[in-house]
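Structure file my_file_26.cif; described as mmCIF, C-alpha atoms.
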```cif
data_data
#
loop_
_atom_site.group_PDB
_atom_site.id
_atom_site.type_symbol
_atom_site.label_atom_id
_atom_site.label_comp_id
_atom_site.auth_asym_id
_atom_site.auth_seq_id
_atom_site.Cartn_x
_atom_site.Cartn_y
_atom_site.Cartn_z
ATOM 1 C CA MET U 1 0.000 0.000 0.000
ATOM 2 C CA LYS U 2 1.729 3.122 -1.248
ATOM 3 C CA ILE U 3 -0.130 6.383 -0.777
ATOM 4 C CA ILE U 4 0.555 10.070 -1.400
ATOM 5 C CA LEU U 5 -1.888 12.437 0.292
ATOM 6 C CA VAL U 6 -1.878 15.807 -1.400
ATOM 7 C CA GLY U 7 -3.758 19.078 -1.176
ATOM 8 C CA ILE U 8 -3.574 22.711 -0.180
ATOM 9 C CA GLU U 9 -2.515 23.540 3.363
ATOM 10 C CA TYR U 10 -5.378 23.363 5.894
ATOM 11 C CA VAL U 11 -7.177 20.711 3.844
ATOM 12 C CA GLY U 12 -6.241 18.001 6.363
ATOM 13 C CA THR U 13 -3.556 15.880 4.709
ATOM 14 C CA THR U 14 -1.450 15.503 7.856
ATOM 15 C CA THR U 15 -4.492 14.758 10.016
ATOM 16 C CA ILE U 16 -5.689 12.011 7.682
ATOM 17 C CA ALA U 17 -2.186 10.594 7.283
ATOM 18 C CA ASN U 18 -1.965 10.094 11.036
ATOM 19 C CA LEU U 19 -5.375 8.410 11.106
ATOM 20 C CA LEU U 20 -4.385 6.174 8.190
ATOM 21 C CA LYS U 21 -1.469 4.824 10.198
ATOM 22 C CA ASP U 22 -3.808 3.309 12.773
ATOM 23 C CA TRP U 23 -6.349 2.229 10.160
ATOM 24 C CA LYS U 24 -3.724 0.279 8.225
ATOM 25 C CA VAL U 25 -2.797 -1.789 11.270
ATOM 26 C CA GLU U 26 -6.444 -2.579 11.945
ATOM 27 C CA TYR U 27 -7.279 -3.374 8.313
ATOM 28 C CA THR U 28 -4.192 -5.266 7.121
ATOM 29 C CA GLY U 29 -2.582 -6.404 10.370
ATOM 30 C CA ARG U 30 0.671 -4.527 9.880
ATOM 31 C CA PRO U 31 1.859 -0.918 10.059
ATOM 32 C CA PHE U 32 3.354 1.191 7.335
ATOM 33 C CA TYR U 33 7.097 0.603 7.008
ATOM 34 C CA ASP U 34 8.783 1.404 10.348
ATOM 35 C CA GLY U 35 5.444 2.726 11.559
ATOM 36 C CA LEU U 36 6.188 6.033 9.824
ATOM 37 C CA MET U 37 4.590 8.526 7.550
ATOM 38 C CA HIS U 38 6.648 11.084 5.666
ATOM 39 C CA ASP U 39 5.389 14.646 5.946
ATOM 40 C CA HIS U 40 8.448 16.651 4.948
ATOM 41 C CA MET U 41 7.486 18.778 1.958
ATOM 42 C CA LYS U 42 5.682 21.779 3.476
ATOM 43 C CA ILE U 43 8.507 24.274 3.122
ATOM 44 C CA PRO U 44 9.847 25.379 5.600
ATOM 45 C CA HIS U 45 8.239 22.607 7.690
ATOM 46 C CA THR U 46 10.611 19.990 6.348
ATOM 47 C CA SER U 47 9.934 17.888 9.400
ATOM 48 C CA GLY U 48 12.019 14.811 9.900
ATOM 49 C CA HIS U 49 12.400 11.900 12.199
ATOM 50 C CA PRO U 50 12.456 12.036 15.173
ATOM 51 C CA ASP U 51 11.069 15.581 15.484
ATOM 52 C CA ASP U 52 9.843 18.672 13.687
ATOM 53 C CA THR U 53 11.892 21.638 12.616
ATOM 54 C CA THR U 54 12.185 24.335 15.249
ATOM 55 C CA LEU U 55 11.383 27.962 14.484
ATOM 56 C CA GLU U 56 15.113 28.662 14.332
ATOM 57 C CA GLU U 57 15.644 25.810 11.879
ATOM 58 C CA GLN U 58 12.720 26.977 9.758
ATOM 59 C CA GLN U 59 14.295 30.401 9.516
ATOM 60 C CA GLN U 60 17.591 28.840 8.473
ATOM 61 C CA ILE U 61 15.779 27.091 5.637
ATOM 62 C CA LEU U 62 14.006 30.288 4.621
ATOM 63 C CA ASN U 63 17.342 32.124 4.578
ATOM 64 C CA LEU U 64 18.713 29.794 1.911
ATOM 65 C CA SER U 65 19.104 31.242 -1.556
ATOM 66 C CA PRO U 66 16.752 29.794 -4.216
ATOM 67 C CA LYS U 67 19.726 27.848 -5.609
ATOM 68 C CA LEU U 68 20.562 26.222 -2.269
ATOM 69 C CA MET U 69 16.913 25.630 -1.369
ATOM 70 C CA GLU U 70 16.401 23.909 -4.728
ATOM 71 C CA MET U 71 19.369 21.634 -4.121
ATOM 72 C CA TYR U 72 18.269 20.843 -0.573
ATOM 73 C CA HIS U 73 14.763 19.815 -1.585
ATOM 74 C CA ARG U 74 15.816 17.951 -4.726
ATOM 75 C CA TYR U 75 18.263 15.845 -2.719
ATOM 76 C CA HIS U 76 15.608 15.500 -0.020
ATOM 77 C CA MET U 77 13.122 14.060 -2.520
ATOM 78 C CA TYR U 78 15.651 11.771 -4.176
ATOM 79 C CA TYR U 79 16.472 10.325 -0.762
ATOM 80 C CA HIS U 80 12.814 9.542 -0.144
ATOM 81 C CA LEU U 81 12.591 7.563 -3.370
ATOM 82 C CA HIS U 82 14.236 4.601 -1.626
ATOM 83 C CA HIS U 83 11.093 4.120 0.468
ATOM 84 C CA TYR U 84 9.376 2.773 -2.634
ATOM 85 C CA PHE U 85 11.520 -0.349 -2.426
ATOM 86 C CA GLN U 86 9.468 -1.292 0.639
ATOM 87 C CA LYS U 87 6.072 -2.991 0.592
ATOM 88 C CA ASP U 88 4.301 0.158 1.678
ATOM 89 C CA ASP U 89 4.710 3.889 2.105
ATOM 90 C CA LEU U 90 2.658 6.799 3.393
ATOM 91 C CA THR U 91 3.783 10.237 2.250
ATOM 92 C CA VAL U 92 2.210 13.683 2.393
ATOM 93 C CA GLY U 93 2.683 15.944 -0.605
ATOM 94 C CA PHE U 94 6.007 14.668 -1.953
ATOM 95 C CA HIS U 95 6.976 15.946 -5.435
ATOM 96 C CA ILE U 96 3.510 17.376 -6.114
ATOM 97 C CA GLU U 97 3.537 19.648 -3.081
ATOM 98 C CA GLU U 98 7.187 20.608 -3.537
ATOM 99 C CA ALA U 99 6.517 21.610 -7.136
ATOM 100 C CA VAL U 100 3.587 23.811 -6.121
ATOM 101 C CA LEU U 101 5.388 25.563 -3.262
ATOM 102 C CA SER U 102 8.763 25.982 -4.961
ATOM 103 C CA ARG U 103 7.388 27.606 -8.087
ATOM 104 C CA ARG U 104 4.843 29.844 -6.418
ATOM 105 C CA TYR U 105 6.673 30.970 -3.269
ATOM 106 C CA TYR U 106 10.374 30.160 -3.227
ATOM 107 C CA GLY U 107 11.692 31.227 -6.610
ATOM 108 C CA TYR U 108 13.067 27.956 -7.958
ATOM 109 C CA GLY U 109 11.990 25.132 -10.233
ATOM 110 C CA LEU U 110 10.685 27.696 -12.711
ATOM 111 C CA ASP U 111 10.152 27.218 -16.442
ATOM 112 C CA GLY U 112 13.418 26.949 -18.358
ATOM 113 C CA GLU U 113 15.633 26.430 -15.302
ATOM 114 C CA ALA U 114 18.024 23.494 -15.105
ATOM 115 C CA PHE U 115 15.817 21.788 -12.524
ATOM 116 C CA ASP U 116 12.426 22.984 -13.715
ATOM 117 C CA ARG U 117 9.758 21.312 -11.521
ATOM 118 C CA GLU U 118 7.216 21.356 -14.348
ATOM 119 C CA LYS U 119 9.174 19.661 -17.116
ATOM 120 C CA ILE U 120 12.262 18.027 -15.587
ATOM 121 C CA VAL U 121 12.383 17.079 -11.899
ATOM 122 C CA PHE U 122 8.714 16.075 -11.599
ATOM 123 C CA GLU U 123 9.020 13.593 -14.453
ATOM 124 C CA ARG U 124 12.371 12.284 -13.232
ATOM 125 C CA ILE U 125 10.895 11.560 -9.809
ATOM 126 C CA GLU U 126 7.943 9.704 -11.323
ATOM 127 C CA ASN U 127 10.083 7.766 -13.811
ATOM 128 C CA ARG U 128 12.346 6.614 -10.987
ATOM 129 C CA ILE U 129 9.357 5.481 -8.906
ATOM 130 C CA LYS U 130 8.209 3.364 -11.869
ATOM 131 C CA GLN U 131 11.675 1.799 -12.088
ATOM 132 C CA ILE U 132 11.655 0.978 -8.381
ATOM 133 C CA THR U 133 8.185 -0.525 -8.074
ATOM 134 C CA SER U 134 5.296 -1.786 -10.165
ATOM 135 C CA ASP U 135 2.896 -1.216 -7.260
ATOM 136 C CA PRO U 136 0.169 1.359 -7.766
ATOM 137 C CA ILE U 137 0.947 4.642 -6.019
ATOM 138 C CA ILE U 138 -2.456 5.874 -4.886
ATOM 139 C CA ILE U 139 -2.707 9.656 -4.958
ATOM 140 C CA VAL U 140 -5.388 10.937 -2.612
ATOM 141 C CA HIS U 141 -6.223 14.455 -3.744
ATOM 142 C CA MET U 142 -7.852 16.216 -0.803
ATOM 143 C CA GLU U 143 -9.872 19.338 -1.500
ATOM 144 C CA ALA U 144 -12.122 21.813 0.311
ATOM 145 C CA SER U 145 -13.984 24.980 -0.569
ATOM 146 C CA GLN U 146 -12.233 28.339 -0.519
ATOM 147 C CA SER U 147 -14.382 29.542 2.373
ATOM 148 C CA VAL U 148 -13.526 26.492 4.463
ATOM 149 C CA ILE U 149 -9.791 26.927 3.872
ATOM 150 C CA GLU U 150 -10.111 30.599 4.837
ATOM 151 C CA SER U 151 -11.979 29.686 8.010
ATOM 152 C CA ARG U 152 -9.376 27.112 8.987
ATOM 153 C CA MET U 153 -6.605 29.638 8.351
ATOM 154 C CA ASP U 154 -8.293 32.043 10.770
ATOM 155 C CA LYS U 155 -8.536 29.364 13.447
ATOM 156 C CA LEU U 156 -5.241 27.531 12.962
ATOM 157 C CA SER U 157 -2.659 29.922 11.514
ATOM 158 C CA ASP U 158 -1.037 30.400 14.928
ATOM 159 C CA ASN U 159 -0.598 26.643 15.482
ATOM 160 C CA HIS U 160 2.971 25.406 15.271
ATOM 161 C CA GLU U 161 2.104 23.258 12.241
ATOM 162 C CA HIS U 162 1.510 26.429 10.224
ATOM 163 C CA THR U 163 4.180 28.857 11.399
ATOM 164 C CA ASN U 164 5.975 30.535 8.507
ATOM 165 C CA SER U 165 3.373 29.260 6.054
ATOM 166 C CA PRO U 166 3.602 31.206 2.778
ATOM 167 C CA LEU U 167 -0.088 30.693 1.975
ATOM 168 C CA ASN U 168 -2.337 33.733 2.087
ATOM 169 C CA LYS U 169 -6.045 34.017 1.401
ATOM 170 C CA GLU U 170 -5.606 35.821 -1.905
ATOM 171 C CA ASP U 171 -3.709 32.813 -3.274
ATOM 172 C CA ILE U 172 -6.089 30.032 -2.254
ATOM 173 C CA ILE U 173 -7.877 29.564 -5.569
ATOM 174 C CA ASP U 174 -4.657 29.687 -7.603
ATOM 175 C CA VAL U 175 -2.846 27.304 -5.242
ATOM 176 C CA MET U 176 -5.708 24.832 -5.459
ATOM 177 C CA LYS U 177 -5.436 25.043 -9.257
ATOM 178 C CA ASP U 178 -1.693 24.348 -8.971
ATOM 179 C CA TYR U 179 -2.351 21.198 -6.950
ATOM 180 C CA LYS U 180 -4.992 20.071 -9.428
ATOM 181 C CA HIS U 181 -2.580 20.634 -12.297
ATOM 182 C CA PHE U 182 0.203 18.512 -10.821
ATOM 183 C CA VAL U 183 -2.193 15.793 -9.661
ATOM 184 C CA GLU U 184 -3.487 15.532 -13.214
ATOM 185 C CA LYS U 185 0.077 15.542 -14.544
ATOM 186 C CA SER U 186 1.046 12.538 -12.421
ATOM 187 C CA THR U 187 1.173 9.094 -14.043
ATOM 188 C CA ILE U 188 2.338 6.874 -11.158
ATOM 189 C CA GLY U 189 -1.002 5.392 -10.215
ATOM 190 C CA PRO U 190 -4.703 5.851 -9.579
ATOM 191 C CA VAL U 191 -6.027 9.152 -8.273
ATOM 192 C CA VAL U 192 -8.937 9.437 -5.864
ATOM 193 C CA HIS U 193 -10.577 12.651 -4.716
ATOM 194 C CA VAL U 194 -12.151 13.544 -1.385
ATOM 195 C CA ASP U 195 -13.693 16.802 -0.196
ATOM 196 C CA THR U 196 -13.066 17.667 3.456
ATOM 197 C CA SER U 197 -15.248 20.775 3.600
ATOM 198 C CA SER U 198 -17.988 19.453 5.854
ATOM 199 C CA ASP U 199 -16.826 16.092 7.233
ATOM 200 C CA SER U 200 -15.058 15.329 10.481
ATOM 201 C CA PRO U 201 -11.594 13.750 10.261
ATOM 202 C CA GLU U 202 -13.130 10.369 11.058
ATOM 203 C CA GLU U 203 -15.740 10.765 8.310
ATOM 204 C CA THR U 204 -13.031 11.836 5.867
ATOM 205 C CA LEU U 205 -10.940 8.816 6.826
ATOM 206 C CA GLU U 206 -13.855 6.521 6.043
ATOM 207 C CA LYS U 207 -14.272 8.136 2.630
ATOM 208 C CA VAL U 208 -10.555 7.870 1.900
ATOM 209 C CA THR U 209 -10.308 4.215 2.916
ATOM 210 C CA ASN U 210 -13.373 3.282 0.876
ATOM 211 C CA LEU U 211 -11.728 4.880 -2.148
ATOM 212 C CA ILE U 212 -8.328 3.243 -1.731
ATOM 213 C CA ILE U 213 -9.441 -0.298 -0.810
ATOM 214 C CA PRO U 214 -10.274 -1.244 -4.439
ATOM 215 C CA HIS U 215 -6.664 -0.446 -5.395
ATOM 216 C CA LEU U 216 -4.988 -2.631 -2.769
ATOM 217 C CA THR U 217 -3.147 -5.794 -3.776
ATOM 218 C CA LYS U 218 -2.785 -9.175 -2.074
ATOM 219 C CA ASP U 219 0.705 -8.132 -0.939
ATOM 220 C CA ASP U 220 -0.933 -5.495 1.236
ATOM 221 C CA PHE U 221 -2.287 -8.256 3.452
ATOM 222 C CA GLU U 222 0.840 -10.402 3.670
ATOM 223 C CA ASN U 223 3.016 -10.029 6.761
#
```
Take the structure I supplied and represent it as structure tokens, if you would.
Amino acid sequence: MKIILVGIEYVGTTTIANLLKDWKVEYTGRPFYDGLMHDHMKIPHTSGHPDDTTLEEQQQILNLSPKLMEMYHRYHMYYHLHHYFQKDDLTVGFHIEEAVLSRRYYGYGLDGEAFDREKIVFERIENRIKQITSDPIIIVHMEASQSVIESRMDKLSDNHEHTNSPLNKEDIIDVMKDYKHFVEKSTIGPVVHVDTSSDSPEETLEKVTNLIIPHLTKDDFEN
């Protein structure tokens, strides 16, 4: 079971990823590899194991030049490709999220650059995944209405998960279009869509699991 949860900030990708960890144990009898999920692509929240980036570390990332930030995140993504050698993987955002954020907010990966996220790095990441595994990579595209995202920003922007977020309300529609574009560009597996506007996390989890179950393989149930 290899899953990428993707969607605009405040849509609930991290919340559902954490719930999926417990669901997988209950449904298949085993956890995701090492009991982990990988939620490292929300620049500057490039959280790692065992803990999240501190405010000081986030500022260090933000102080990088576009050239150095590009290198850091490209190497970061290439490292995470090795997880696809395992039987399962749970990742938030990955190359889709990094492409959206880098091009819109951090000044790298732009059209015509050596490591253009639209035409070069995105396709290289996906081609390498296909070389590593023949398993379907299920992309769960999580969406919500503009008004709901705005409301959640008002309530949650001061939470530590969202410090230094580049997202502002004026960008919401365009950022959602960016996510849609890169989700549609992806060719690594089936795509399912879920709207989180009105459901609780538990209700959203049920919708997500119902959508991904048809794409599971017999290996997902073998210990």
**Neighbours of point (4.0, 3.0, 10.0) within 9 Å, using all atoms listed in the file, written as a PyMOL selection string** = chain U and resi 21-22+24-25+30-37+88-90
**Message:** Starting from the PyMOL selection byres ((chain U and resi 92) around 9), expand the selection into actual residues of this file and give them as number ranges by chain.
**Reply:** U: 3-7, 13-14, 17, 37-42, 90-91, 93-94, 97
**Asked** For Leu20 (chain U), which residue out of U:Val140, U:Asp174, U:Phe182, U:Leu81 is the nearest one, using all atoms listed in the file?
**Response** U:Val140
**Prompt:** Taking only C-alpha atoms into account, which of U:Leu55, U:Val11, U:Ile213, U:Met1 comes nearest Ile149 (chain U)?
**Reply:**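 Going through U:Leu55, U:Val11, U:Ile213, U:Met1 one by one, the smallest distance to Ile149 (chain U) is for U:Val11.
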**Message:** Env of Val100 (chain U): 12 Å cut, atoms = all atoms listed in the file, seq-sep filter 4 positions within chain, self excluded. Answer as an MDAnalysis selection string.
**Reply:** chainID U and resid 6:9 41:43 93:96 104:110 116:118 122 166:167 171 174:183
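Put simply, CA of Ser165 (chain U) is 26.5 Å away from CA of Gly112 (chain U).
Between His160 (chain U) and the residues U:Lys185, U:Ser47, U:Leu64, U:His73, the shortest atom-to-atom distance, using only C-alpha atoms, involves U:Ser47.
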**Message:** Using only C-alpha atoms, can you tell me which of U:Tyr78, U:Glu126, U:Tyr10, U:Gly29 comes closest to Lys169 (chain U)?
**Reply:**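 Closest to Lys169 (chain U), using only C-alpha atoms: U:Tyr10.
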**Request:** Could you check how far CA of Glu98 (chain U) sits from CA of Tyr72 (chain U), in Å to one decimal?
**Result:**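 Here the two named atoms are 11.5 Å from each other.
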Rebuild region 205-219 of chain U to N, CA and C atoms - output it as a compact mmCIF listing (two decimals), in the frame of the given file, please.
```txt
# COMPACT_ATOMS: atom_id res chain seq x y z
N LEU U 205 -11.71 10.06 6.86
CA LEU U 205 -10.94 8.82 6.83
C LEU U 205 -11.76 7.69 6.21
N GLU U 206 -13.00 7.58 6.60
CA GLU U 206 -13.86 6.52 6.04
C GLU U 206 -14.00 6.67 4.54
N LYS U 207 -14.18 7.91 4.07
CA LYS U 207 -14.27 8.14 2.63
C LYS U 207 -12.97 7.76 1.92
N VAL U 208 -11.85 8.17 2.52
CA VAL U 208 -10.56 7.87 1.90
C VAL U 208 -10.33 6.36 1.82
N THR U 209 -10.57 5.66 2.91
CA THR U 209 -10.31 4.22 2.92
C THR U 209 -11.23 3.48 1.95
N ASN U 210 -12.47 3.91 1.85
CA ASN U 210 -13.37 3.28 0.88
C ASN U 210 -12.88 3.48 -0.55
N LEU U 211 -12.23 4.59 -0.80
CA LEU U 211 -11.73 4.88 -2.15
C LEU U 211 -10.44 4.13 -2.46
N ILE U 212 -9.60 3.89 -1.45
CA ILE U 212 -8.33 3.24 -1.73
C ILE U 212 -8.41 1.72 -1.69
N ILE U 213 -9.36 1.16 -0.95
CA ILE U 213 -9.44 -0.30 -0.81
C ILE U 213 -9.50 -1.02 -2.17
N PRO U 214 -10.26 -0.53 -3.15
CA PRO U 214 -10.27 -1.24 -4.44
C PRO U 214 -8.92 -1.32 -5.14
N HIS U 215 -7.98 -0.48 -4.74
CA HIS U 215 -6.66 -0.45 -5.40
C HIS U 215 -5.59 -1.24 -4.64
N LEU U 216 -5.95 -1.85 -3.53
CA LEU U 216 -4.99 -2.63 -2.77
C LEU U 216 -4.72 -3.96 -3.46
N THR U 217 -3.55 -4.52 -3.19
CA THR U 217 -3.15 -5.79 -3.78
C THR U 217 -3.04 -6.85 -2.68
N LYS U 218 -2.89 -8.10 -3.07
CA LYS U 218 -2.78 -9.18 -2.07
C LYS U 218 -1.55 -9.00 -1.21
N ASP U 219 -0.51 -8.36 -1.74
CA ASP U 219 0.70 -8.13 -0.94
C ASP U 219 0.42 -7.22 0.25
```
